[in-house]
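All remarks here apply to the structure that follows.
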Protein chains: 2
Amino acid sequence: MSSPKRKPGAVDPESVPKAVVSRLSLYLRELQHLLRDGQATVSSSQLGQLLGFSDAQVRKDLAYFGHFGHPGIGYRCDELVSAIRSILGTDREWTIGMVGTGNLGRALLGYRGFASQGFRIVAAFDEDPARVNQTIEGVDVFPMMRLDEIVRDRAISFGLVAVPAAAAQGVADRLVAAGVTGILNFAPVTLSFPSGVSLVSVDLATELERLSFSVANRGGEKAEEKPDDPPPE
Amino acid sequence: MSSPKRKPGAVDPESVPKAVVSRLSLYLRELQHLLRDGQATVSSSQLGQLLGFSDAQVRKDLAYFGHFGHPGIGYRCDELVSAIRSILGTDREWTIGMVGTGNLGRALLGYRGFASQGFRIVAAFDEDPARVNQTIEGVDVFPMMRLDEIVRDRAISFGLVAVPAAAAQGVADRLVAAGVTGILNFAPVTLSFPSGVSLVSVDLATELERLSFSVANRGGEKAEEKPDDPPPE
């Protein structure tokens with residue numbers, strides 16, 4: 001039984017379209033479901049079908065990272081789960097500090113999907129004195145003045161920004177100064193940093209605009225079924 | 001003064017990468033800021049610079065939809081705002097029904113970014129009797145049993161699903177049966193529909209995985225600066 005051909009660190013993330021990375025997450029979820037249901041192997045066409053992609057799309061996406069299939073067998077689910085977790089960097093646990101405990105912050109603290117993928121929120125922060133020194137969904141809420149200390153003491157890797165737009169850049173700057181290496185931003189504003197810090201922004205209106213684009217331009221088929229990337233080579 | 005070369009409805013949405021559509025939203029936000037600051041025109045390099053993209057990326061993205069620049073002038077901000085809103089389908093108002101008024105639902109009801117882009121949440125629904133027959137952020141909350149009636153009476157176009165994963169498919173099916181043409185899904189689960197309904201899913205763990213992918217594979221530069229699409233032809 002050969003092991004997957006993935007060479008860790010062999011991929012240049014610059015060469016991988018964002019949409020491929022997002023689809024890896026979808027493949028991972030389906031593979032985890034299949035494993036839970038006791039299925040040991042899966043073909044690219046079955047995996048694609050579960051998600052509404054073609055088998056060619058599945059193979060092309062995975063080909064960015066190595067050769068994971070076995071002739072006559074397809075993919076071994078457990079092997080491919082390990083490989084994708086290694087690619088996505090979720091074969092380890094990431095510690096997260098969240099800033100902002102309004103409705104969105106509370107929703108994110110209660111979001112079950114994070115922990116199951118290896119993301120652990122280990123502290124929350126808020127500038128409102130009425131919201132600190134309590135525990136929400138098992139997470140301690142600290143005042144902003146303790147951000148540096150807690151980020152260091154709890155070895156926090158990622159900052160999650162769930163504050164109003166006007167406060168977001170300031171919060172992000174403080175997180176970067178405290179030493180986080182990545183920021184996930186939910187505030188509807190464009191942030192900028194010195195290089196060396198990764199940034200992913202979630203603009204919820206953008207998601208609705210993707211939906212209106214799809215409906216307005218065809219009034220129809222599923223927006224998520226479209227392959228939208230160049231081949232890996 | 002020539003008008004933009006955009007032919008409404010001339011674009012086949014199948015041919016446009018999702019990432020391009022998401023970037024159109026970013027261009028739109030920046031153009032709206034520029035207009036508010038009194039700037040009448042902008043070059044592709046200036047627009048790119050504001051967002052961390054190259055000028056070639058900006059031109060390539062817009063080229064999917066027509067020719068919007070004026071020689072020696074660049075883009076007229078107001079013209080390009082109108083064109084992008086037409087492309088995204090946000091030159092009209094979309095009415096939205098939200099299902100689920102937990103923390104995430106409440107956060108979305110309070111999200112200021114929706115209304116400013118033409119998305120109006122006109123009703124919310126919850127199956128919990130303790131949560132209905134009230135108003136949250138100015139939006140009426142109805143029991144689920146009134147969903148059909150309210151979707152019809154308020155001409156709701158899009159359903160926004162903010163319920164736990166286990167309930168999401170059932171809720172989406174009810175929305176589709178009631179006549180919505182698009183679903184924005186926040187539940188961490190893959191939904192399926194008959195064709196004819198557009199679906200955009202926001203998987204928040206996927207966003208964190210994009211971040212860990214970026215950090216784990218290079219520990220560095222901004223994840224959002226990368227051009228990631230094929231040229232339009």
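In the structure tokens, chains take the letters A, B, ... in the order shown, each chain's residues start at 1, and ligands count up from 1 in the order shown.
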
Using only C-alpha atoms, determine which residues lie at most 8 Å from A:Arg120, disregarding the query and same-chain residues fewer than 6 positions distant; provide the list as a PDB file with C-alpha atoms, in the first residue's frame.
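Final output, saved to part.pdb:
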ATOM      1  CA  GLU A  93      -4.532  22.848  16.423  1.00  0.00           C
ATOM      2  CA  TRP A  94      -4.676  26.621  15.912  1.00  0.00           C
ATOM      3  CA  THR A  95      -5.397  28.878  18.847  1.00  0.00           C
ATOM      4  CA  ILE A  96      -7.640  31.839  18.196  1.00  0.00           C
ATOM      5  CA  PHE A 114     -14.523  25.601  14.216  1.00  0.00           C
TER       6      PHE A 114
END

*Write out as a PyMOL selection string which residues come within 9 Å of stretch 150-158 of chain B when counting only C-alpha atoms, dropping same-chain ones fewer than 6 positions away.*
(chain A and resi 211-212) or (chain B and resi 94-98+121-123+142+175+178-184)

_All residues 8 Å or closer to stretch 188-204 of chain B, only C-alpha atoms, same chain fewer than 3 positions away omitted, as a PyMOL selection string_ = (chain A and resi 51+113-114+207-208+210-211+214-215+219-224) or (chain B and resi 164-165+168-169+172-173+176+180-185+207-208)

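Considering the residues B:Ala40, B:Ala115, B:Ala107, B:Leu31 and counting only C-alpha atoms, chain A has its shortest atom-to-atom contact with B:Ala107.
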
*Which residues come within 10 Å of B:Leu47, counting only C-alpha atoms, excluding same-chain residues fewer than 3 positions away, as JSON, numbers by chain?*
{"B": [26, 27, 30, 31, 34, 42, 43, 44, 50, 51, 52, 53, 54, 55, 58, 75]}

*Would you list, as a VMD selection string, the residues of stretch 127-206 of chain B that end up in alpha helix (DSSP H) under DSSP run on this structure's backbone?*
chain B and resid 147 to 153 165 to 178 204 to 206

*Go ahead and compute the interatomic distance for atom CA of B:Ile73 and atom CA of B:Ser86, in Å to one decimal.*
22.0 Å

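Separating atom CA of B:Glu79 from atom CA of B:Asp12 is a distance of 21.8 Å.
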
*asked:* With distances taken over only C-alpha atoms, which residue among B:Arg92, B:Arg76, B:Arg59, B:Arg146 lies nearest chain A?
replied: B:Arg92

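Among the candidates A:Gly138, A:Gly105, A:Gly48, A:Gly72, the residue lying nearest to chain B is A:Gly105 (atoms considered: only C-alpha atoms).
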
*Residues of stretch 28-213 of chain A in strand (DSSP E or B) according to DSSP, as a count of residues only?*
40

*Which neighbours of B:Leu62 fall inside 12 Å, counting only C-alpha atoms, when residues of the same chain fewer than 3 positions from it are skipped, and could you give them as a ChimeraX atom specification?*
/B:4-6,11,16,20-21,23-25,27-28,44,47-48,55-59,65-69,75,80-81,83-84,87,231-232

Save the residues we just selected, N, CA, C and O atoms, as a compact mmCIF listing (two decimals), in the first residue's frame?
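Result went into again36.txt, see below:
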# COMPACT_ATOMS: atom_id res chain seq x y z
N PRO B 4 -20.56 53.34 -21.04
CA PRO B 4 -19.83 52.07 -20.92
C PRO B 4 -20.38 51.04 -21.90
O PRO B 4 -21.56 51.08 -22.26
N LYS B 5 -19.53 50.11 -22.30
CA LYS B 5 -19.87 49.16 -23.34
C LYS B 5 -20.61 47.93 -22.81
O LYS B 5 -20.81 46.98 -23.52
N ARG B 6 -20.98 47.99 -21.54
CA ARG B 6 -21.68 46.84 -20.96
C ARG B 6 -23.02 46.60 -21.63
O ARG B 6 -23.86 47.49 -21.73
N VAL B 11 -23.54 38.69 -20.35
CA VAL B 11 -22.54 37.82 -19.74
C VAL B 11 -23.17 36.46 -19.39
O VAL B 11 -24.30 36.38 -18.91
N VAL B 16 -17.75 33.03 -15.71
CA VAL B 16 -17.08 33.98 -14.83
C VAL B 16 -16.67 33.30 -13.51
O VAL B 16 -17.52 32.82 -12.77
N VAL B 20 -13.76 36.34 -9.36
CA VAL B 20 -13.93 37.60 -10.09
C VAL B 20 -15.16 38.34 -9.55
O VAL B 20 -15.13 39.55 -9.32
N VAL B 21 -16.23 37.59 -9.34
CA VAL B 21 -17.45 38.20 -8.82
C VAL B 21 -17.19 38.80 -7.44
O VAL B 21 -17.62 39.93 -7.13
N ARG B 23 -14.38 39.88 -6.35
CA ARG B 23 -13.56 41.09 -6.48
C ARG B 23 -14.37 42.27 -7.00
O ARG B 23 -14.12 43.41 -6.62
N LEU B 24 -15.37 42.00 -7.86
CA LEU B 24 -16.25 43.09 -8.30
C LEU B 24 -16.86 43.79 -7.08
O LEU B 24 -16.98 45.02 -7.04
N SER B 25 -17.25 43.00 -6.08
CA SER B 25 -17.81 43.59 -4.86
C SER B 25 -16.79 44.50 -4.19
O SER B 25 -17.14 45.57 -3.69
N TYR B 27 -14.25 46.05 -5.67
CA TYR B 27 -14.08 47.25 -6.50
C TYR B 27 -15.23 48.23 -6.22
O TYR B 27 -15.03 49.43 -6.06
N LEU B 28 -16.43 47.67 -6.15
CA LEU B 28 -17.61 48.50 -5.92
C LEU B 28 -17.47 49.28 -4.61
O LEU B 28 -17.72 50.49 -4.56
N SER B 44 -6.90 52.04 -13.29
CA SER B 44 -6.89 50.64 -12.84
C SER B 44 -5.78 50.42 -11.82
O SER B 44 -5.94 49.64 -10.88
N LEU B 47 -6.99 51.89 -8.44
CA LEU B 47 -8.02 51.03 -7.86
C LEU B 47 -7.39 49.73 -7.34
O LEU B 47 -7.71 49.25 -6.25
N GLY B 48 -6.47 49.17 -8.15
CA GLY B 48 -5.79 47.95 -7.72
C GLY B 48 -5.01 48.18 -6.45
O GLY B 48 -5.06 47.39 -5.49
N ASP B 55 -2.80 46.29 -11.50
CA ASP B 55 -3.69 46.96 -12.45
C ASP B 55 -4.16 45.98 -13.52
O ASP B 55 -5.30 46.06 -13.99
N ALA B 56 -3.29 45.00 -13.87
CA ALA B 56 -3.69 44.00 -14.87
C ALA B 56 -4.86 43.16 -14.37
O ALA B 56 -5.77 42.83 -15.12
N GLN B 57 -4.82 42.84 -13.08
CA GLN B 57 -5.91 42.07 -12.47
C GLN B 57 -7.24 42.83 -12.59
O GLN B 57 -8.26 42.27 -12.96
N VAL B 58 -7.20 44.10 -12.26
CA VAL B 58 -8.41 44.93 -12.33
C VAL B 58 -8.96 44.95 -13.75
O VAL B 58 -10.16 44.72 -13.97
N ARG B 59 -8.07 45.20 -14.71
CA ARG B 59 -8.53 45.29 -16.10
C ARG B 59 -9.07 43.95 -16.60
O ARG B 59 -10.08 43.90 -17.29
N PHE B 65 -16.81 41.71 -18.66
CA PHE B 65 -18.15 42.28 -18.76
C PHE B 65 -18.28 43.42 -19.77
O PHE B 65 -19.37 43.89 -20.05
N GLY B 66 -17.17 43.89 -20.29
CA GLY B 66 -17.24 44.98 -21.26
C GLY B 66 -16.00 45.86 -21.17
O GLY B 66 -15.01 45.48 -20.56
N HIS B 67 -16.10 47.03 -21.81
CA HIS B 67 -14.98 47.98 -21.80
C HIS B 67 -15.44 49.24 -21.11
O HIS B 67 -16.33 49.93 -21.59
N PHE B 68 -14.87 49.52 -19.96
CA PHE B 68 -15.40 50.59 -19.12
C PHE B 68 -14.49 51.81 -19.02
O PHE B 68 -14.87 52.82 -18.48
N GLY B 69 -13.25 51.68 -19.48
CA GLY B 69 -12.30 52.78 -19.34
C GLY B 69 -12.43 53.81 -20.46
O GLY B 69 -13.00 53.53 -21.52
N TYR B 75 -11.27 55.21 -15.42
CA TYR B 75 -12.68 54.92 -15.21
C TYR B 75 -13.35 56.12 -14.56
O TYR B 75 -12.79 56.76 -13.68
N LEU B 80 -18.70 53.47 -13.40
CA LEU B 80 -18.28 52.12 -13.07
C LEU B 80 -19.11 51.55 -11.91
O LEU B 80 -19.42 50.36 -11.88
N VAL B 81 -19.49 52.41 -10.98
CA VAL B 81 -20.39 51.96 -9.90
C VAL B 81 -21.69 51.46 -10.50
O VAL B 81 -22.17 50.36 -10.17
N ALA B 83 -22.24 50.41 -13.54
CA ALA B 83 -22.01 49.20 -14.34
C ALA B 83 -21.86 47.98 -13.44
O ALA B 83 -22.45 46.93 -13.70
N ILE B 84 -21.08 48.11 -12.36
CA ILE B 84 -20.86 46.94 -11.48
C ILE B 84 -22.16 46.56 -10.77
O ILE B 84 -22.48 45.38 -10.63
N ILE B 87 -24.08 44.61 -13.21
CA ILE B 87 -23.52 43.26 -13.37
C ILE B 87 -23.89 42.38 -12.17
O ILE B 87 -24.30 41.24 -12.33
N PRO B 231 -7.41 34.24 -17.59
CA PRO B 231 -7.84 35.43 -18.33
C PRO B 231 -9.20 35.13 -18.97
O PRO B 231 -9.56 33.96 -19.16
N PRO B 232 -9.96 36.18 -19.29
CA PRO B 232 -11.30 35.98 -19.82
C PRO B 232 -11.34 35.20 -21.13
O PRO B 232 -12.36 34.68 -21.46
